[in-house]
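Engineer: Take a look at this one; I'll ask things after.
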Amino acid sequence: MIQQLTITAIRNLAPVTLQLSPAVNVLYGLNGSGKTSVLEAIHILGVARSFRTSRIKPVINRDARECTVFGRIGTNSQVIPVGVSRNAQEETRQIRVSGESLKSTAELARLLPLQVINPDTFSLLEGSPKLRRNFIDWGVFHVKHQDFFPLWKRMQKALKQRNSLLRHGRINDFELTSWNLEFEKAATVIDQLRGEYIQKLTPVFNRVLSELSDLSNLTIQYYRGWDRDRSLQEVLTSALERDMRSGYTHAGPQRADLRIRVGKGSAVDILSRGQLKLVVCALKLAQGFLYQELQNKQCIFLVDDLPSELDIPNRQKLCQLFQTMKCQTFITCVDKGALANCWLPDTDVKMFHVKHGQITMDEHPGQQSICRAESLEIEHE
């Protein structure tokens with residue numbers, strides 16, 4: 001959990017330090033005030049990039065050359081200082097954890113596991129298979145990191161080399177055989193890890209979905225990316241001519257998907273927009289519950305514009321499931337009253353009002369205090 005968060009030069013936000021609740025943090029204010037930018041800053045702290053854009057330049061305040069996010073991350077036994085700085089012109093990043101530099105964002109992601117629920121998240125079912133692969137791999141990465149991540153990198157390298165050979169036209173048989181073997185070895189284990197994860201996730205998903213909806217006859221099915229009755233080696237051999245014509249590999253774990261069905265039909269074709277949102281929320285929450293069960297840790301949820309996406313009864317159910325999970329949650333909304341009656345008794349809820357990039361914390365009804373502004377040089381931590 002994030003105990004303290006310092007944000008410098010993120011979009012329109014004024015430099016600020018926030019003392020956070022370990023449970024629920026609500027950021028409210030008019031559209032364009034900077035609420036989502038706070039969630040974006042947390043995402044940068046967790047994975048060194050935004051969830052809104054692949055480029056860092058739009059994220060950095062127009063008057064600054066770089067942005068910095070610093071957090072004090074509380075674990076079971078200690079508080080870990082974490083800082084991430086991104087440069088606008090060089091597109092470079094600096095990551096420091098406990099005073100030591102990190103080159104890999106993978107270690108950063110393990111330290112601060114984040115789940116995002118925002119309007120874009122609801123395209124998980126309707127969007128490309130890549131979104132669903134990323135969903136699966138988030139779970140496998142966080143519960144089987146030492147097994148999965150090195151294999152995933154090996155698979156990506158082998159796939160890249162194989163595709164390069166396919167595009168050359170004249171193929172060196174020895175090279176192709178070598179990269180096929182490397183690709184198949186990594187792909188087979190990745191498929192096994194993904195399949196095992198979905199098998200564990202399915203009952204948790206069903207349980208969570210039953211709390212949110214009365215949908216029945218809904219199933220999730222993992223498709224590995226090639227014919228389940230044949231080995232990948234057989235598939236690659238039989239599809240070689242097709243792969244050479246197109247210049248890329250058609251079969252493999254890079255084509256995996258998660259298929260959501262109602263009966264024999266696709267959920268996307270059968271369910272309403274509101275029902276699809278509940279299914280996506282159930283998938284995300286199920287990952288949080290399973291992570292907690294397997295790792296004995298909680299992930300952090302970033303929920304953007306919750307009231308506009310769900311009606312009152314469903315947002316109440318969702319908020320109470322967050323509290324049951326005992327995870328730290330950040331929720332944005334326009335009107336804080338839209339989240340009234342969403343919290344269980346004695347829940348530690350902190351309310352932050354965001355207006356024109358300034359953040360104030362509600363201390364008592366009718367009284368607010370301006371959160372302390374603070375510049376930060378992470379290399380001095």
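By order of appearance in the structure tokens: chains A, B, ..., then residues from 1 within every chain, and ligands from 1 in the order shown.
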Write out as a PyMOL selection string which residues come within 9 Å of stretch 121-133 of chain A when counting only C-alpha atoms, dropping same-chain ones fewer than 5 positions away.
Structural biologist: chain A and resi 116+138+254-260+267-268+276-277+279-281
Engineer: Any chance you could export the current selection's N, CA and C atoms as a compact mmCIF listing (two decimals), in the first residue's frame?
Structural biologist:
```txt
# COMPACT_ATOMS: atom_id res chain seq x y z
N VAL A 116 -6.31 -1.45 -12.93
CA VAL A 116 -7.00 -0.26 -13.40
C VAL A 116 -8.39 -0.63 -13.88
N TRP A 138 -0.96 -10.51 -16.72
CA TRP A 138 -0.83 -9.78 -15.46
C TRP A 138 -0.91 -10.76 -14.30
N GLN A 254 1.44 -16.04 -28.71
CA GLN A 254 1.17 -14.64 -29.07
C GLN A 254 -0.21 -14.47 -29.68
N ARG A 255 -0.93 -15.59 -29.90
CA ARG A 255 -2.28 -15.56 -30.44
C ARG A 255 -3.30 -16.05 -29.41
N ALA A 256 -2.89 -16.22 -28.18
CA ALA A 256 -3.79 -16.73 -27.13
C ALA A 256 -4.93 -15.75 -26.89
N ASP A 257 -6.02 -16.27 -26.31
CA ASP A 257 -7.19 -15.44 -26.08
C ASP A 257 -7.99 -16.02 -24.91
N LEU A 258 -8.84 -15.18 -24.38
CA LEU A 258 -9.78 -15.59 -23.34
C LEU A 258 -11.18 -15.37 -23.90
N ARG A 259 -11.94 -16.42 -24.01
CA ARG A 259 -13.25 -16.35 -24.63
C ARG A 259 -14.34 -16.43 -23.57
N ILE A 260 -15.17 -15.40 -23.54
CA ILE A 260 -16.26 -15.32 -22.57
C ILE A 260 -17.56 -15.67 -23.29
N ALA A 267 -20.34 -13.66 -25.31
CA ALA A 267 -20.96 -12.73 -24.36
C ALA A 267 -21.14 -11.36 -24.97
N VAL A 268 -20.20 -10.94 -25.82
CA VAL A 268 -20.27 -9.62 -26.45
C VAL A 268 -21.52 -9.49 -27.32
N LEU A 276 -21.96 -6.33 -19.59
CA LEU A 276 -20.55 -6.52 -19.96
C LEU A 276 -19.63 -5.79 -18.97
N LYS A 277 -20.04 -4.62 -18.51
CA LYS A 277 -19.25 -3.88 -17.53
C LYS A 277 -19.11 -4.67 -16.24
N VAL A 279 -19.26 -7.92 -15.94
CA VAL A 279 -18.38 -9.05 -16.18
C VAL A 279 -16.91 -8.62 -16.12
N VAL A 280 -16.60 -7.47 -16.73
CA VAL A 280 -15.23 -6.95 -16.69
C VAL A 280 -14.82 -6.65 -15.24
N CYS A 281 -15.70 -6.00 -14.49
CA CYS A 281 -15.40 -5.71 -13.08
C CYS A 281 -15.16 -7.00 -12.31
```
Engineer: Using only C-alpha atoms, what table do you get, as a tab-separated table, when you list each residue of stretch 45-138 of chain A with an atom no more than 12 Å from stretch 313-330 of chain A, its nearest pair of atoms, and their distance in Å rounded to one decimal, rows by chain then rising number?
Structural biologist:
```
residue	atom	partner	partner_atom	distance
A:Ile73	CA	A:Gln328	CA	11.6
A:Gly74	CA	A:Gln328	CA	11.3
A:Leu112	CA	A:Gln328	CA	11.2
A:Pro113	CA	A:Gln328	CA	11.0
A:Leu114	CA	A:Thr329	CA	9.9
A:Gln115	CA	A:Thr329	CA	9.6
A:Val116	CA	A:Phe330	CA	9.7
A:Ile117	CA	A:Phe330	CA	10.2
A:Asn118	CA	A:Phe330	CA	11.5
```
Engineer: Counting only C-alpha atoms, which residue out of A:Leu20, A:Ile359, A:Leu151, A:Val26 sits closest to A:Ala338?
Structural biologist: A:Val26
Engineer: I'd like the neighbourhood of A:Phe205 as a PyMOL selection string, where a residue qualifies if any of its atoms comes within 7 Å (using only C-alpha atoms), though same-chain residues fewer than 6 positions away should be ignored.
Structural biologist: chain A and resi 282-283+286
Engineer: So the first atom is atom CA of A:Val204 and the second is atom CA of A:Leu294; what is the distance between them in Å, to one decimal place?
Structural biologist: 12.0 Å
Engineer: Among stretch 196-347 of chain A, which residues does DSSP mark as strand (DSSP E or B) when it is run on the backbone? Keep the chain and numbering as in the structure and answer as JSON, numbers by chain.
Structural biologist: {"A": [218, 219, 220, 221, 222, 223, 257, 258, 259, 260, 261, 262, 265, 266, 300, 301, 302, 303, 329, 330, 331, 332, 333]}
Engineer: Rank A:Gly99, A:Gly225, A:Gly71, A:Gly337 by their smallest atom-to-atom distance to A:Leu111, using only C-alpha atoms, and report the top residue only.
Structural biologist: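 Distance minimum relative to A:Leu111 lands on A:Gly71.
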Engineer: Excluding A:Glu175 and any residue of its chain fewer than 5 positions from it, enumerate the residues within 12 Å of it, using only C-alpha atoms, and give them as a ChimeraX atom specification.
Structural biologist: /A:158,161-166,170,180-182
Engineer: For a test of reading the model, state the distance in Å between atom CA of A:Phe135 and atom CA of A:Leu212, rounded to one decimal.
Structural biologist: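 Taking atom CA of A:Phe135 and atom CA of A:Leu212, their separation equals 20.0 Å.
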Engineer: Record the distance separating atom CA of A:Asp214 and atom CA of A:Pro345, expressed in Å with one decimal.
Structural biologist: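 One can read the atom CA of A:Asp214 to atom CA of A:Pro345 distance as 25.8 Å.
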Engineer: Counting only C-alpha atoms, which residue out of A:Asn25, A:Thr17, A:Gln358, A:Thr68 sits closest to A:Trp343?
Structural biologist: A:Asn25
Engineer: Would you pick out the contacts of A:Asp348 at 8 Å or less, using only C-alpha atoms, so that residues sharing its chain but fewer than 2 positions from it are not included, and give the list as a ChimeraX atom specification?
Structural biologist: /A:21-24,346,350
Engineer: Given the selection you just returned, output its residues as a file containing all heavy atoms, formatted as a CSV table (one decimal), in the first residue's frame.
Structural biologist:
```csv
chain,number,residue,atom,x,y,z
A,21,SER,N,-5.1,7.1,2.8
A,21,SER,CA,-5.8,6.0,3.6
A,21,SER,C,-5.3,4.7,3.1
A,21,SER,O,-5.1,4.5,1.9
A,21,SER,CB,-7.3,6.1,3.4
A,21,SER,OG,-7.9,4.9,3.9
A,22,PRO,N,-5.1,3.7,4.0
A,22,PRO,CA,-4.8,2.4,3.5
A,22,PRO,C,-5.9,1.6,2.9
A,22,PRO,O,-5.8,0.6,2.3
A,22,PRO,CB,-4.3,1.7,4.8
A,22,PRO,CG,-5.1,2.4,5.9
A,22,PRO,CD,-5.2,3.8,5.4
A,23,ALA,N,-7.1,2.2,3.0
A,23,ALA,CA,-8.3,1.6,2.5
A,23,ALA,C,-8.9,2.3,1.3
A,23,ALA,O,-8.6,2.0,0.1
A,23,ALA,CB,-9.4,1.5,3.6
A,24,VAL,N,-9.7,3.4,1.5
A,24,VAL,CA,-10.4,4.1,0.4
A,24,VAL,C,-9.9,5.5,0.3
A,24,VAL,O,-10.0,6.3,1.3
A,24,VAL,CB,-11.9,4.0,0.6
A,24,VAL,CG1,-12.6,4.7,-0.6
A,24,VAL,CG2,-12.3,2.5,0.6
A,346,ASP,N,-17.1,1.9,9.7
A,346,ASP,CA,-15.7,2.0,10.2
A,346,ASP,C,-14.6,1.9,9.1
A,346,ASP,O,-13.4,1.7,9.3
A,346,ASP,CB,-15.4,0.9,11.2
A,346,ASP,CG,-16.3,1.0,12.4
A,346,ASP,OD1,-16.7,2.2,12.8
A,346,ASP,OD2,-16.7,0.0,12.9
A,350,LYS,N,-10.7,8.5,2.9
A,350,LYS,CA,-10.2,9.9,2.8
A,350,LYS,C,-10.8,10.5,1.5
A,350,LYS,O,-10.7,9.9,0.5
A,350,LYS,CB,-8.7,9.9,2.8
A,350,LYS,CG,-8.1,9.8,4.2
A,350,LYS,CD,-6.6,10.1,4.2
A,350,LYS,CE,-6.1,10.1,5.7
A,350,LYS,NZ,-4.7,10.4,5.8
```
Engineer: Give me, as a PDB file with C-alpha atoms, in the first residue's frame, all polymer residues having an atom no more than 9 Å from A:Arg194, counting only C-alpha atoms and skipping those fewer than 3 positions away in the same chain.
Structural biologist:
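The result, stored in around.pdb:
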```pdb
ATOM      1  CA  ILE A 136      -4.015 -13.202 -18.343  1.00  0.00           C
ATOM      2  CA  ASP A 137      -0.323 -12.334 -18.244  1.00  0.00           C
ATOM      3  CA  GLY A 139      -2.076 -12.605 -13.274  1.00  0.00           C
ATOM      4  CA  VAL A 140       0.579 -15.143 -14.273  1.00  0.00           C
ATOM      5  CA  VAL A 189       5.561 -23.770 -20.596  1.00  0.00           C
ATOM      6  CA  ILE A 190       3.885 -20.368 -21.030  1.00  0.00           C
ATOM      7  CA  ASP A 191       0.734 -22.128 -22.200  1.00  0.00           C
ATOM      8  CA  TYR A 197      -3.844 -19.611 -13.840  1.00  0.00           C
ATOM      9  CA  ILE A 198      -7.198 -19.491 -15.643  1.00  0.00           C
ATOM     10  CA  GLN A 199      -8.157 -22.755 -13.947  1.00  0.00           C
ATOM     11  CA  TYR A 222      -8.776 -20.177 -22.405  1.00  0.00           C
ATOM     12  CA  ARG A 224      -3.846 -21.173 -26.162  1.00  0.00           C
TER      13      ARG A 224
END
```
